[in-house]
$ cat run_27.txt   # compact mmCIF, C-alpha atoms and all ligand atoms
# COMPACT_ATOMS: atom_id res chain seq x y z
CA MET W 1196 -50.62 68.17 37.80
CA ARG W 1197 -47.01 68.90 38.73
CA GLN W 1198 -45.70 72.43 39.29
CA GLY W 1199 -44.38 72.95 35.75
CA THR W 1200 -47.79 72.01 34.36
CA ILE W 1201 -49.83 74.07 36.84
CA CYS W 1202 -47.81 77.14 35.75
CA ILE W 1203 -49.27 76.72 32.27
CA GLU W 1204 -52.63 75.00 32.77
CA GLY W 1205 -53.65 75.91 36.35
CA GLY W 1206 -56.61 78.12 37.26
CA TYR W 1207 -58.31 78.28 33.89
CA THR W 1208 -59.67 75.61 31.55
CA PRO W 1209 -61.45 77.17 28.57
CA LYS W 1210 -64.69 75.53 27.45
CA ASN W 1211 -65.62 74.84 23.85
CA GLY W 1212 -64.93 77.92 21.72
CA GLU W 1213 -63.64 80.09 24.61
CA SER W 1214 -60.38 82.08 24.50
CA ARG W 1215 -57.20 80.07 25.11
CA MET W 1216 -55.69 82.90 27.19
CA ILE W 1217 -57.52 84.09 30.29
CA PRO W 1218 -59.89 86.87 29.22
CA ILE W 1219 -59.26 90.41 30.50
CA ILE W 1220 -62.58 91.51 31.99
CA GLN W 1221 -61.76 95.21 32.29
CA SER W 1222 -65.07 96.17 33.83
CA THR W 1223 -65.80 97.84 37.16
CA THR W 1224 -69.29 96.45 37.38
CA PHE W 1225 -71.53 93.53 36.40
CA LYS W 1226 -75.15 93.49 35.28
CA TYR W 1227 -78.07 91.52 36.83
CA ASP W 1228 -81.68 90.95 35.74
CA THR W 1229 -83.27 91.60 39.12
CA SER W 1230 -82.42 93.38 42.36
CA GLU W 1231 -83.08 90.07 44.07
CA ASP W 1232 -80.26 88.40 42.06
CA MET W 1233 -77.83 91.11 43.08
CA GLY W 1234 -79.05 91.13 46.67
CA LYS W 1235 -78.09 87.48 47.03
CA LEU W 1236 -74.52 88.34 46.03
CA PHE W 1237 -74.37 91.13 48.60
CA ASP W 1238 -75.63 88.74 51.28
CA LEU W 1239 -73.01 86.16 50.19
CA GLU W 1240 -75.90 83.74 49.53
CA ALA W 1241 -74.80 83.27 45.93
CA SER W 1242 -71.34 83.62 44.38
CA GLY W 1243 -70.76 85.97 41.48
CA TYR W 1244 -69.32 89.33 40.60
CA PHE W 1245 -70.84 92.72 41.23
CA TYR W 1246 -68.02 95.23 41.63
CA SER W 1247 -64.32 94.85 40.78
CA ARG W 1248 -63.07 96.45 44.00
CA LEU W 1249 -64.04 93.19 45.69
CA GLN W 1250 -63.62 90.58 43.01
CA ASN W 1251 -63.00 90.37 39.29
CA PRO W 1252 -63.08 87.26 37.06
CA THR W 1253 -59.62 87.83 35.51
CA THR W 1254 -58.01 88.42 38.89
CA ASP W 1255 -59.71 85.34 40.37
CA LEU W 1256 -58.43 83.05 37.61
CA VAL W 1257 -54.85 84.12 38.31
CA ALA W 1258 -55.38 83.74 42.07
CA ALA W 1259 -56.68 80.20 41.40
CA LYS W 1260 -53.44 79.35 39.55
CA ILE W 1261 -51.28 80.62 42.43
CA CYS W 1262 -53.54 78.74 44.88
CA ALA W 1263 -52.90 75.50 42.97
CA LEU W 1264 -49.15 76.18 42.87
CA GLU W 1265 -49.02 76.62 46.65
CA GLY W 1266 -51.43 73.74 47.34
CA GLY W 1267 -53.92 75.97 49.18
CA SER W 1268 -57.71 75.93 49.56
CA ALA W 1269 -58.39 79.56 48.55
CA ALA W 1270 -56.41 82.58 47.38
CA MET W 1271 -56.73 86.23 46.42
CA LEU W 1272 -54.58 88.81 44.65
CA THR W 1273 -53.78 92.22 46.11
CA SER W 1274 -52.42 95.36 44.47
CA SER W 1275 -48.94 94.85 46.00
CA GLY W 1276 -46.91 92.59 48.26
CA GLN W 1277 -47.20 95.23 50.99
CA ALA W 1278 -50.99 94.97 50.80
CA ALA W 1279 -50.76 91.16 51.00
CA ASN W 1280 -48.67 91.22 54.19
CA PHE W 1281 -50.90 93.91 55.68
CA PHE W 1282 -54.13 92.03 54.87
CA ALA W 1283 -52.71 88.73 56.17
CA ALA W 1284 -51.98 90.34 59.55
CA PHE W 1285 -55.04 92.58 59.77
CA ASN W 1286 -57.41 89.76 58.84
CA ILE W 1287 -56.29 87.98 62.03
CA CYS W 1288 -55.30 90.77 64.42
CA SER W 1289 -56.88 93.95 65.66
CA CYS W 1290 -56.09 96.60 68.26
CA GLY W 1291 -54.71 94.98 71.42
CA ASP W 1292 -53.32 91.88 69.68
CA HIS W 1293 -49.71 90.76 69.33
CA ILE W 1294 -47.59 89.27 66.52
CA ILE W 1295 -44.26 87.41 66.66
CA ALA W 1296 -42.19 88.16 63.54
CA SER W 1297 -38.75 87.08 62.39
CA THR W 1298 -36.13 89.85 62.33
CA ALA W 1299 -34.94 88.49 58.97
CA ILE W 1300 -37.65 89.98 56.74
CA TYR W 1301 -37.99 92.48 53.93
CA GLY W 1302 -37.44 96.10 55.06
CA GLY W 1303 -40.87 97.20 53.81
CA THR W 1304 -42.60 94.51 55.87
CA PHE W 1305 -40.44 95.39 58.88
CA ASN W 1306 -41.65 99.00 58.67
CA LEU W 1307 -45.25 97.94 58.12
CA TYR W 1308 -45.22 95.71 61.19
CA ASN W 1309 -42.91 97.81 63.35
CA VAL W 1310 -44.41 101.24 62.70
CA THR W 1311 -47.81 101.12 61.01
CA LEU W 1312 -49.28 98.12 62.83
CA ARG W 1313 -48.10 99.58 66.15
CA LYS W 1314 -50.01 102.79 65.31
CA MET W 1315 -53.09 100.60 64.96
CA GLY W 1316 -52.51 99.12 68.41
CA ILE W 1317 -51.02 95.81 67.25
CA GLU W 1318 -47.82 94.95 69.11
CA VAL W 1319 -44.98 93.11 67.38
CA THR W 1320 -42.08 91.20 68.94
CA PHE W 1321 -39.21 90.61 66.51
CA ILE W 1322 -37.15 87.52 67.17
CA ASP W 1323 -33.98 86.10 65.64
CA PRO W 1324 -35.14 83.21 63.41
CA ASP W 1325 -32.24 81.17 64.83
CA CYS W 1326 -33.17 81.88 68.46
CA THR W 1327 -33.24 79.15 71.09
CA ASP W 1328 -36.47 77.29 71.96
CA GLU W 1329 -36.56 79.15 75.28
CA GLU W 1330 -36.36 82.53 73.53
CA LEU W 1331 -39.12 81.53 71.11
CA GLU W 1332 -41.32 80.25 73.93
CA ALA W 1333 -40.77 83.46 75.91
CA ALA W 1334 -41.96 85.59 72.97
CA PHE W 1335 -45.52 84.21 73.14
CA ARG W 1336 -48.08 86.23 75.13
CA PRO W 1337 -51.73 85.51 75.92
CA ASN W 1338 -52.71 88.00 73.16
CA THR W 1339 -50.34 86.59 70.48
CA LYS W 1340 -52.39 85.88 67.33
CA MET W 1341 -49.85 84.91 64.64
CA VAL W 1342 -46.22 84.10 63.84
CA PHE W 1343 -44.58 85.54 60.71
CA GLY W 1344 -41.40 84.81 58.71
CA GLU W 1345 -39.93 84.64 55.17
CA THR W 1346 -38.92 81.35 53.55
CA ILE W 1347 -35.76 83.00 52.21
CA ALA W 1348 -35.29 86.43 53.77
CA ASN W 1349 -34.87 89.44 51.48
CA PRO W 1350 -32.04 90.48 51.50
CA SER W 1351 -30.24 88.56 54.27
CA LEU W 1352 -30.83 85.11 52.63
CA VAL W 1353 -31.59 83.55 56.01
CA ILE W 1354 -33.56 80.32 55.51
CA PHE W 1355 -36.54 80.08 57.88
CA ASP W 1356 -37.06 76.82 59.78
CA ILE W 1357 -40.72 76.52 58.76
CA GLU W 1358 -41.48 73.23 60.52
CA ARG W 1359 -40.08 74.43 63.83
CA PHE W 1360 -42.05 77.69 63.81
CA ALA W 1361 -45.24 75.93 62.64
CA LYS W 1362 -45.04 73.56 65.61
CA ALA W 1363 -44.47 76.41 68.06
CA ALA W 1364 -47.32 78.51 66.59
CA HIS W 1365 -49.75 75.56 66.65
CA ALA W 1366 -48.80 74.64 70.22
CA HIS W 1367 -50.04 78.14 71.13
CA GLY W 1368 -53.17 77.88 68.99
CA VAL W 1369 -52.14 80.48 66.41
CA PRO W 1370 -51.39 80.30 62.66
CA LEU W 1371 -47.99 80.59 60.96
CA VAL W 1372 -47.90 83.10 58.10
CA ILE W 1373 -45.02 82.89 55.62
CA ASP W 1374 -43.92 85.28 52.88
CA ASN W 1375 -42.74 82.90 50.15
CA THR W 1376 -41.68 85.56 47.62
CA PHE W 1377 -38.04 84.58 47.10
CA ALA W 1378 -38.44 80.80 47.05
CA THR W 1379 -41.67 80.78 44.99
CA PRO W 1380 -43.86 77.65 45.11
CA ILE W 1381 -41.55 76.13 42.50
CA ASN W 1382 -38.76 75.74 45.05
CA CYS W 1383 -40.72 75.53 48.31
CA ARG W 1384 -44.34 74.98 49.32
CA PRO W 1385 -44.52 76.20 52.94
CA ILE W 1386 -48.00 74.62 53.36
CA GLU W 1387 -46.38 71.17 53.09
CA TRP W 1388 -44.25 72.06 56.12
CA GLY W 1389 -47.13 73.20 58.32
CA CYS W 1390 -47.59 76.85 57.31
CA ASP W 1391 -51.20 78.12 57.42
CA ILE W 1392 -51.19 81.30 55.32
CA VAL W 1393 -48.74 82.08 52.49
CA THR W 1394 -48.15 85.57 51.13
CA HIS W 1395 -46.31 86.85 48.06
CA SER W 1396 -44.97 89.94 46.46
CA THR W 1397 -45.80 88.77 42.93
CA THR W 1398 -43.73 91.77 41.78
CA LYS W 1399 -40.60 89.59 42.03
CA TYR W 1400 -40.10 86.18 40.36
CA MET W 1401 -43.79 85.49 39.72
CA ASP W 1402 -44.15 88.48 37.41
CA GLY W 1403 -40.46 88.18 36.66
CA HIS W 1404 -40.26 90.87 33.95
CA ASP W 1405 -40.31 94.22 35.81
CA ALA W 1406 -43.85 94.74 34.51
CA THR W 1407 -46.35 94.79 37.41
CA VAL W 1408 -46.46 95.37 41.13
CA GLY W 1409 -48.75 92.89 42.87
CA GLY W 1410 -49.34 90.54 45.79
CA ALA W 1411 -51.13 87.33 46.71
CA ILE W 1412 -52.47 85.58 49.82
CA ILE W 1413 -53.06 81.83 49.92
CA ASP W 1414 -54.85 79.96 52.71
CA ALA W 1415 -53.88 76.34 53.41
CA GLY W 1416 -57.46 75.83 54.65
CA ARG W 1417 -56.31 73.82 57.66
CA PHE W 1418 -56.26 76.24 60.56
CA ASP W 1419 -59.22 75.56 62.86
CA TRP W 1420 -60.34 79.06 63.84
CA MET W 1421 -63.38 77.80 65.71
CA ALA W 1422 -61.19 75.58 67.93
CA HIS W 1423 -59.60 78.81 69.24
CA LYS W 1424 -62.75 80.90 69.02
CA GLU W 1425 -61.84 83.32 71.82
CA LYS W 1426 -58.60 84.31 70.06
CA PHE W 1427 -60.15 85.11 66.69
CA PRO W 1428 -63.40 87.04 67.17
CA GLY W 1429 -63.05 88.59 63.69
CA LEU W 1430 -63.45 85.16 62.12
CA CYS W 1431 -65.57 83.41 64.74
CA GLU W 1432 -68.04 86.06 65.93
CA PRO W 1433 -70.81 87.80 63.95
CA ASP W 1434 -69.64 90.52 61.53
CA GLU W 1435 -72.09 93.37 62.08
CA SER W 1436 -71.12 94.86 58.72
CA TYR W 1437 -72.50 91.63 57.16
CA HIS W 1438 -75.78 91.20 59.06
CA GLY W 1439 -74.15 89.08 61.72
CA LEU W 1440 -72.38 86.62 59.40
CA VAL W 1441 -69.83 84.30 61.10
CA TYR W 1442 -67.09 83.59 58.53
CA ALA W 1443 -65.63 80.46 60.16
CA GLU W 1444 -69.12 78.94 60.50
CA LYS W 1445 -70.43 79.76 57.04
CA PHE W 1446 -67.26 79.16 54.98
CA GLY W 1447 -65.40 76.62 57.14
CA LYS W 1448 -61.67 76.17 57.50
CA GLU W 1449 -61.19 76.18 53.73
CA GLY W 1450 -62.94 79.44 52.91
CA ALA W 1451 -63.26 81.67 55.99
CA PHE W 1452 -59.92 83.48 55.80
CA ILE W 1453 -59.97 84.53 52.14
CA THR W 1454 -63.71 85.31 52.18
CA LYS W 1455 -63.26 87.66 55.13
CA ALA W 1456 -60.16 89.30 53.60
CA THR W 1457 -62.12 89.85 50.39
CA VAL W 1458 -65.55 90.98 51.52
CA GLN W 1459 -64.36 92.94 54.55
CA LEU W 1460 -60.76 94.16 54.02
CA MET W 1461 -60.85 94.54 50.25
CA ARG W 1462 -64.30 96.12 50.50
CA ASP W 1463 -63.12 98.66 53.09
CA LEU W 1464 -59.48 99.23 52.12
CA GLY W 1465 -59.59 98.64 48.37
CA CYS W 1466 -56.03 97.42 47.58
CA THR W 1467 -57.42 95.94 44.39
CA PRO W 1468 -55.23 94.69 41.52
CA ALA W 1469 -56.16 95.76 38.00
CA PRO W 1470 -57.41 92.98 35.67
CA MET W 1471 -54.74 93.98 33.15
CA ASN W 1472 -52.03 93.55 35.80
CA ALA W 1473 -53.43 90.13 36.73
CA TYR W 1474 -53.24 89.19 33.04
CA LEU W 1475 -49.59 90.28 32.85
CA LEU W 1476 -48.84 88.38 36.07
CA ASN W 1477 -50.33 85.28 34.47
CA LEU W 1478 -47.90 85.60 31.55
CA GLY W 1479 -45.06 85.60 34.08
CA LEU W 1480 -46.49 82.59 35.91
CA GLU W 1481 -46.58 80.55 32.70
CA SER W 1482 -42.78 80.50 32.58
CA LEU W 1483 -42.12 80.57 36.35
CA ALA W 1484 -40.93 76.96 36.66
CA VAL W 1485 -38.56 77.28 33.72
CA ARG W 1486 -37.21 80.64 34.87
CA MET W 1487 -36.63 79.49 38.47
CA GLU W 1488 -34.58 76.56 37.26
CA ARG W 1489 -32.42 78.93 35.23
CA HIS W 1490 -32.16 81.56 38.01
CA CYS W 1491 -30.92 78.86 40.38
CA SER W 1492 -28.44 77.25 38.01
CA ASN W 1493 -27.08 80.65 36.95
CA ALA W 1494 -26.78 81.83 40.57
CA GLN W 1495 -25.04 78.61 41.60
CA LYS W 1496 -22.42 79.05 38.86
CA VAL W 1497 -21.98 82.75 39.64
CA ALA W 1498 -21.60 82.05 43.39
CA GLU W 1499 -18.98 79.38 42.66
CA TYR W 1500 -17.12 81.74 40.33
CA LEU W 1501 -17.19 84.56 42.94
CA GLN W 1502 -15.71 82.21 45.54
CA SER W 1503 -12.77 81.62 43.22
CA ASP W 1504 -12.12 85.30 42.35
CA GLU W 1505 -9.17 86.77 44.26
CA ASN W 1506 -10.85 90.21 44.43
CA VAL W 1507 -13.83 88.85 46.38
CA ALA W 1508 -13.65 88.89 50.20
CA TRP W 1509 -16.66 86.68 50.97
CA VAL W 1510 -19.73 85.10 49.30
CA GLN W 1511 -23.09 84.27 50.87
CA TYR W 1512 -25.45 81.98 48.96
CA PRO W 1513 -27.52 79.19 50.54
CA GLY W 1514 -26.65 76.89 47.63
CA LEU W 1515 -22.93 76.89 48.54
CA PRO W 1516 -21.75 73.99 50.71
CA GLY W 1517 -20.38 75.63 53.85
CA ASP W 1518 -22.98 78.40 53.85
CA LYS W 1519 -24.61 78.80 57.27
CA TYR W 1520 -27.98 77.87 55.75
CA TYR W 1521 -26.86 75.18 53.27
CA ASP W 1522 -28.31 72.22 55.22
CA ARG W 1523 -31.62 73.94 55.91
CA ALA W 1524 -31.85 74.97 52.25
CA GLN W 1525 -31.25 71.35 51.22
CA LYS W 1526 -34.10 70.26 53.48
CA TYR W 1527 -36.71 72.82 52.39
CA MET W 1528 -35.50 73.60 48.86
CA PRO W 1529 -33.64 70.64 47.38
CA LYS W 1530 -34.18 71.93 43.82
CA GLY W 1531 -32.54 75.30 44.56
CA THR W 1532 -33.24 78.50 46.49
CA CYS W 1533 -33.31 81.68 44.40
CA GLY W 1534 -31.12 83.89 42.24
CA VAL W 1535 -29.98 86.35 44.91
CA ILE W 1536 -26.37 86.33 46.18
CA SER W 1537 -24.50 88.63 48.58
CA PHE W 1538 -20.76 89.13 48.37
CA GLY W 1539 -18.03 91.49 49.53
CA VAL W 1540 -15.47 93.25 47.33
CA LYS W 1541 -11.93 93.31 48.73
CA GLY W 1542 -10.99 96.90 49.59
CA GLY W 1543 -14.23 97.89 51.32
CA ARG W 1544 -16.71 100.64 50.47
CA ALA W 1545 -14.50 102.51 47.94
CA ALA W 1546 -13.60 99.35 46.01
CA ALA W 1547 -17.25 98.28 45.96
CA GLU W 1548 -18.26 101.65 44.52
CA LYS W 1549 -15.60 101.34 41.81
CA PHE W 1550 -16.77 97.82 41.00
CA MET W 1551 -20.32 99.11 40.54
CA MET W 1552 -19.15 101.85 38.15
CA ASN W 1553 -17.43 99.31 35.94
CA LEU W 1554 -20.35 96.93 35.42
CA LYS W 1555 -21.67 96.85 31.87
CA LEU W 1556 -24.38 94.18 31.93
CA GLY W 1557 -25.58 94.24 35.54
CA ILE W 1558 -27.95 97.18 35.98
CA ILE W 1559 -28.07 99.26 39.13
CA ALA W 1560 -31.58 99.20 40.60
CA THR W 1561 -33.26 98.59 43.93
CA HIS W 1562 -35.32 95.79 42.41
CA VAL W 1563 -34.46 92.10 42.72
CA ALA W 1564 -35.69 88.76 41.51
CA ASP W 1565 -36.49 89.18 37.85
CA ALA W 1566 -35.15 88.24 34.42
CA HIS W 1567 -32.44 90.93 34.38
CA THR W 1568 -29.26 90.75 36.42
CA VAL W 1569 -29.49 93.57 38.97
CA VAL W 1570 -26.78 94.81 41.31
CA LEU W 1571 -27.02 97.02 44.37
CA HIS W 1572 -24.33 98.39 46.70
CA PRO W 1573 -26.36 99.38 49.78
CA ALA W 1574 -23.50 101.41 51.34
CA SER W 1575 -23.42 103.84 48.40
CA SER W 1576 -27.17 103.85 47.59
CA THR W 1577 -30.03 102.78 49.87
CA HIS W 1578 -27.92 103.08 53.07
CA ARG W 1579 -25.54 105.89 52.02
CA GLN W 1580 -26.43 108.16 54.95
CA LEU W 1581 -24.85 105.64 57.36
CA SER W 1582 -21.20 105.47 58.48
CA ASP W 1583 -19.27 102.19 58.21
CA GLU W 1584 -19.85 101.58 61.94
CA GLU W 1585 -23.60 102.24 61.63
CA LEU W 1586 -23.80 99.95 58.59
CA ILE W 1587 -22.18 97.08 60.46
CA ALA W 1588 -24.54 97.64 63.38
CA CYS W 1589 -27.58 97.11 61.11
CA GLY W 1590 -26.10 94.04 59.43
CA VAL W 1591 -25.01 95.63 56.13
CA LYS W 1592 -21.28 95.37 55.54
CA PRO W 1593 -19.72 98.39 53.76
CA ASP W 1594 -18.25 96.14 51.04
CA MET W 1595 -21.50 94.18 50.52
CA ILE W 1596 -22.93 93.82 47.02
CA ARG W 1597 -26.40 92.38 46.55
CA LEU W 1598 -26.52 90.59 43.24
CA SER W 1599 -29.78 89.34 41.77
CA VAL W 1600 -28.74 86.91 39.07
CA GLY W 1601 -30.96 87.04 35.98
CA ILE W 1602 -31.61 84.51 33.26
CA GLU W 1603 -29.16 85.88 30.70
CA ASP W 1604 -26.37 83.58 29.44
CA VAL W 1605 -24.40 82.85 32.60
CA GLN W 1606 -21.05 83.29 30.87
CA ASP W 1607 -21.92 86.89 30.02
CA ILE W 1608 -22.86 87.55 33.66
CA ILE W 1609 -19.59 86.03 34.90
CA ASP W 1610 -17.50 87.88 32.28
CA ASP W 1611 -19.08 91.17 33.32
CA LEU W 1612 -18.43 90.56 37.04
CA LYS W 1613 -14.87 89.44 36.27
CA GLN W 1614 -13.91 92.58 34.33
CA ALA W 1615 -15.54 94.89 36.90
CA LEU W 1616 -13.79 93.14 39.81
CA LYS W 1617 -10.47 93.37 37.97
CA ALA W 1618 -10.99 97.09 37.37
C1 LIG W 1701 -40.72 93.19 47.54
C2 LIG W 1701 -41.16 92.39 48.68
C3 LIG W 1701 -42.33 92.73 49.40
C4 LIG W 1701 -43.16 93.94 49.07
O1 LIG W 1701 -43.81 93.74 47.86
P1 LIG W 1701 -44.29 94.93 46.86
O2 LIG W 1701 -44.89 94.16 45.76
O3 LIG W 1701 -43.08 95.72 46.51
O4 LIG W 1701 -45.28 95.73 47.62
C5 LIG W 1701 -42.71 91.89 50.43
N1 LIG W 1701 -41.97 90.83 50.78
C6 LIG W 1701 -40.84 90.49 50.12
C7 LIG W 1701 -40.07 89.29 50.55
C8 LIG W 1701 -40.39 91.26 49.06
O5 LIG W 1701 -39.25 90.92 48.43
$ encode --input "run_27.txt" --output "structure tokens" --more "lines below"
Ligand SMILES: *Cc1c(COP(=O)(O)O)cnc(C)c1O
Amino acid sequence: MRQGTICIEGGYTPKNGESRMIPIIQSTTFKYDTSEDMGKLFDLEASGYFYSRLQNPTTDLVAAKICALEGGSAAMLTSSGQAANFFAAFNICSCGDHIIASTAIYGGTFNLYNVTLRKMGIEVTFIDPDCTDEELEAAFRPNTKMVFGETIANPSLVIFDIERFAKAAHAHGVPLVIDNTFATPINCRPIEWGCDIVTHSTTKYMDGHDATVGGAIIDAGRFDWMAHKEKFPGLCEPDESYHGLVYAEKFGKEGAFITKATVQLMRDLGCTPAPMNAYLLNLGLESLAVRMERHCSNAQKVAEYLQSDENVAWVQYPGLPGDKYYDRAQKYMPKGTCGVISFGVKGGRAAAEKFMMNLKLGIIATHVADAHTVVLHPASSTHRQLSDEELIACGVKPDMIRLSVGIEDVQDIIDDLKQALKA
């Protein structure tokens, strides 16, 4: 099946007389005839459900659809994108380990890796995704266990050179983990470019309707943990909390990563998505391919219009010829990138604030990447405590507007921007 078909048909094929939509199994627990039956599940000798903190049938069906979309071997849902990026790292690393992460990543993930993981004894080196080969090479240490980046960075719109970082990670015997939230598997499948683990905030385009917070982790099933046994004791040595089970031995390359993340991290940390939320996410996934096409065509037209407006100082969108990342976007995402654009209003911070006040259609919110057109002026909202000089130092220009183009009629979006820029 192709992507547009997997969105509709993937993950769940009802049998004779079963519900067409995935059923919502809103149950914490599952009944068995004998203690022996249930014991086998606890020992991972049989597969089945016993408690929804670990696994739930509704959630698993939606994970299976996302797994098919990304071309992975196994997948799981988490309660948020933050949980997905935490689990992906913590399933590989523990105290004393080291991660190399791109500087161009979502602020929430930056905090998670820079502050919270450090408190747990995991060191992180942040590197410019456009660094030289020497700089990249120098970032690796003997205790480095993974490399992390975002396909399209939120919000800087930097396009990550997946193939290059996959090669570097593999040369050092470690996996590449990629957050594919902004591109979605409709526009890019990082696994095809050598990525080993894909993560998502499904809260964005996948849900697409401002309805549910959620996350996902997908394993390509290719990384050979046992070939680098000494680096990954969590996957390759006996888990005492599971009677000495060795995940990489018992579940192989295809199943070890997601099984461990489920039976160990989900069991102990419990970032479990609700079945109802998984059901709502599935509704979003059904139209993902159609919506992404529209997000990209709308954003392309809006970016081109903004370039032509005399009140606009600059426009950044990887779909514009001349953009710093245009060529790389063409390579990894020939069908389009995403709906998010950055631009500057002539006249700086004050003019940008006035522009925001005059919008009628675009709503002001911190959210991005869903059906509604959303606009944010960081200098007067999320970053308002900073001076112009401080803003520039952290890469946010005072006149910068972050525009997440929705799937409304594009002419209405352009008309709204036009009148607000004029005002
Ligand atoms: C929003 C976002 C996250 C965090 O996801 P939540 O679902 O809000 O927890 C992670 N990565 C990226 C790229 C995001 O845009």
$ residues_around --input "run_27.txt" --residues "segment 1494-1511 of chain W" --least-positions-apart "2" --cutoff "10 Å" --atoms "only C-alpha atoms" --output "ChimeraX atom specification"
/W:1351-1353,1488-1492,1513-1515,1517-1520,1531-1543,1546,1594-1602,1605-1606,1608-1609,1612-1613,1616-1618
$ residues_near_point --input "run_27.txt" --point "(-43.7, 84.3, 44.3)" --cutoff "10 Å" --atoms "all atoms listed in the file" --output "list in words"
Ile1261, Leu1264, Glu1265, Gly1276, Asp1374, Asn1375, Thr1376, Phe1377, Ala1378, Thr1379, Pro1380, Ile1381, Asn1382, Val1393, Thr1394, His1395, Ser1396, Thr1397, Thr1398, Lys1399, Tyr1400, Met1401, Asp1402, Gly1403, Gly1410, Ala1411, Leu1480, Leu1483 and Ala1564 of chain W
$ residues_around --input "run_27.txt" --residues "Ser1268 of chain W" --least-positions-apart "4" --cutoff "9 Å" --atoms "only C-alpha atoms" --output "PyMOL selection string"
chain W and resi 1262-1263+1413-1417+1448-1450
$ atom_distance --input "run_27.txt" --atom1 "atom CA of Ala1361 of chain W" --atom2 "atom CA of Cys1202 of chain W"
27.0 Å
$ axis_aligned_box --input "run_27.txt" --around "ligand LIG 1701 (chain W)" --padding-each-side "5 Å" --output "AutoDock Vina command-line options"
--center_x -42.3 --center_y 92.5 --center_z 48.3 --size_x 16.0 --size_y 16.4 --size_z 15.0
$ residues_around --input "run_27.txt" --residues "Asn1472 of chain W" --least-positions-apart "5" --cutoff "8 Å" --atoms "all atoms listed in the file" --output "PDB file with C-alpha atoms, keeping the file's coordinate frame"
ATOM      1  CA  THR W1407     -46.350  94.790  37.410  1.00  0.00           C
ATOM      2  CA  VAL W1408     -46.460  95.370  41.130  1.00  0.00           C
ATOM      3  CA  GLY W1409     -48.750  92.890  42.870  1.00  0.00           C
TER       4      GLY W1409
END
$ closest_residue --input "run_27.txt" --among "W:Val1257, W:Leu1440, W:Leu1307, W:Ile1392" --to "ligand LIG 1701 (chain W)" --atoms "only C-alpha atoms and all ligand atoms"
W:Leu1307
$ atom_distance --input "run_27.txt" --atom1 "atom CA of Gly1303 of chain W" --atom2 "atom CA of Tyr1512 of chain W"
22.2 Å
$ residues_around --input "run_27.txt" --residues "Thr1311 of chain W" --least-positions-apart "6" --cutoff "12 Å" --atoms "all atoms listed in the file" --output "PyMOL selection string"
chain W and resi 1277+1281+1284-1285+1290+1303-1305+1317-1319
$ write_last_selection --input "run_27.txt" --atoms "C-alpha atoms" --output "JSON list (two decimals), in the frame of the given file"
[["chain", "number", "residue", "atom", "x", "y", "z"],
["W", 1277, "GLN", "CA", -47.20, 95.23, 50.99],
["W", 1281, "PHE", "CA", -50.90, 93.91, 55.68],
["W", 1284, "ALA", "CA", -51.98, 90.34, 59.55],
["W", 1285, "PHE", "CA", -55.04, 92.58, 59.77],
["W", 1290, "CYS", "CA", -56.09, 96.60, 68.26],
["W", 1303, "GLY", "CA", -40.87, 97.20, 53.81],
["W", 1304, "THR", "CA", -42.60, 94.51, 55.87],
["W", 1305, "PHE", "CA", -40.44, 95.39, 58.88],
["W", 1317, "ILE", "CA", -51.02, 95.81, 67.25],
["W", 1318, "GLU", "CA", -47.82, 94.95, 69.11],
["W", 1319, "VAL", "CA", -44.98, 93.11, 67.38]]
$ atom_distance --input "run_27.txt" --atom1 "atom CA of Ala1364 of chain W" --atom2 "atom CA of Asp1419 of chain W"
12.8 Å
$ residues_around --input "run_27.txt" --residues "Lys1226 of chain W" --least-positions-apart "3" --cutoff "9 Å" --atoms "all atoms listed in the file" --output "list of chain:residue names"
W:Met1233, W:Tyr1244, W:Phe1245
$ write_last_selection --input "run_27.txt" --atoms "C-alpha atoms" --output "short mmCIF file (atom, residue, chain, number, x, y, z; two decimals), in the coordinates of the input"
data_model
loop_
_atom_site.label_atom_id
_atom_site.label_comp_id
_atom_site.auth_asym_id
_atom_site.auth_seq_id
_atom_site.Cartn_x
_atom_site.Cartn_y
_atom_site.Cartn_z
CA MET W 1233 -77.83 91.11 43.08
CA TYR W 1244 -69.32 89.33 40.60
CA PHE W 1245 -70.84 92.72 41.23
#
$ decode --input "run_27.txt" --residues "segment 1570-1574 of chain W" --atoms "N, CA, C and O atoms" --output "compact mmCIF listing (two decimals), in the first residue's frame"
# COMPACT_ATOMS: atom_id res chain seq x y z
N VAL W 1570 -0.65 32.02 14.32
CA VAL W 1570 0.43 33.00 14.19
C VAL W 1570 1.00 33.30 15.57
O VAL W 1570 0.25 33.40 16.54
N LEU W 1571 2.33 33.42 15.63
CA LEU W 1571 2.97 33.74 16.90
C LEU W 1571 4.07 34.77 16.65
O LEU W 1571 4.82 34.67 15.68
N HIS W 1572 4.12 35.79 17.53
CA HIS W 1572 5.22 36.75 17.47
C HIS W 1572 6.05 36.52 18.74
O HIS W 1572 5.73 37.05 19.80
N PRO W 1573 7.10 35.73 18.66
CA PRO W 1573 7.86 35.35 19.86
C PRO W 1573 8.29 36.56 20.70
O PRO W 1573 8.22 36.51 21.92
N ALA W 1574 8.72 37.66 20.04
CA ALA W 1574 9.24 38.81 20.78
C ALA W 1574 8.20 39.45 21.70
O ALA W 1574 8.55 40.06 22.72
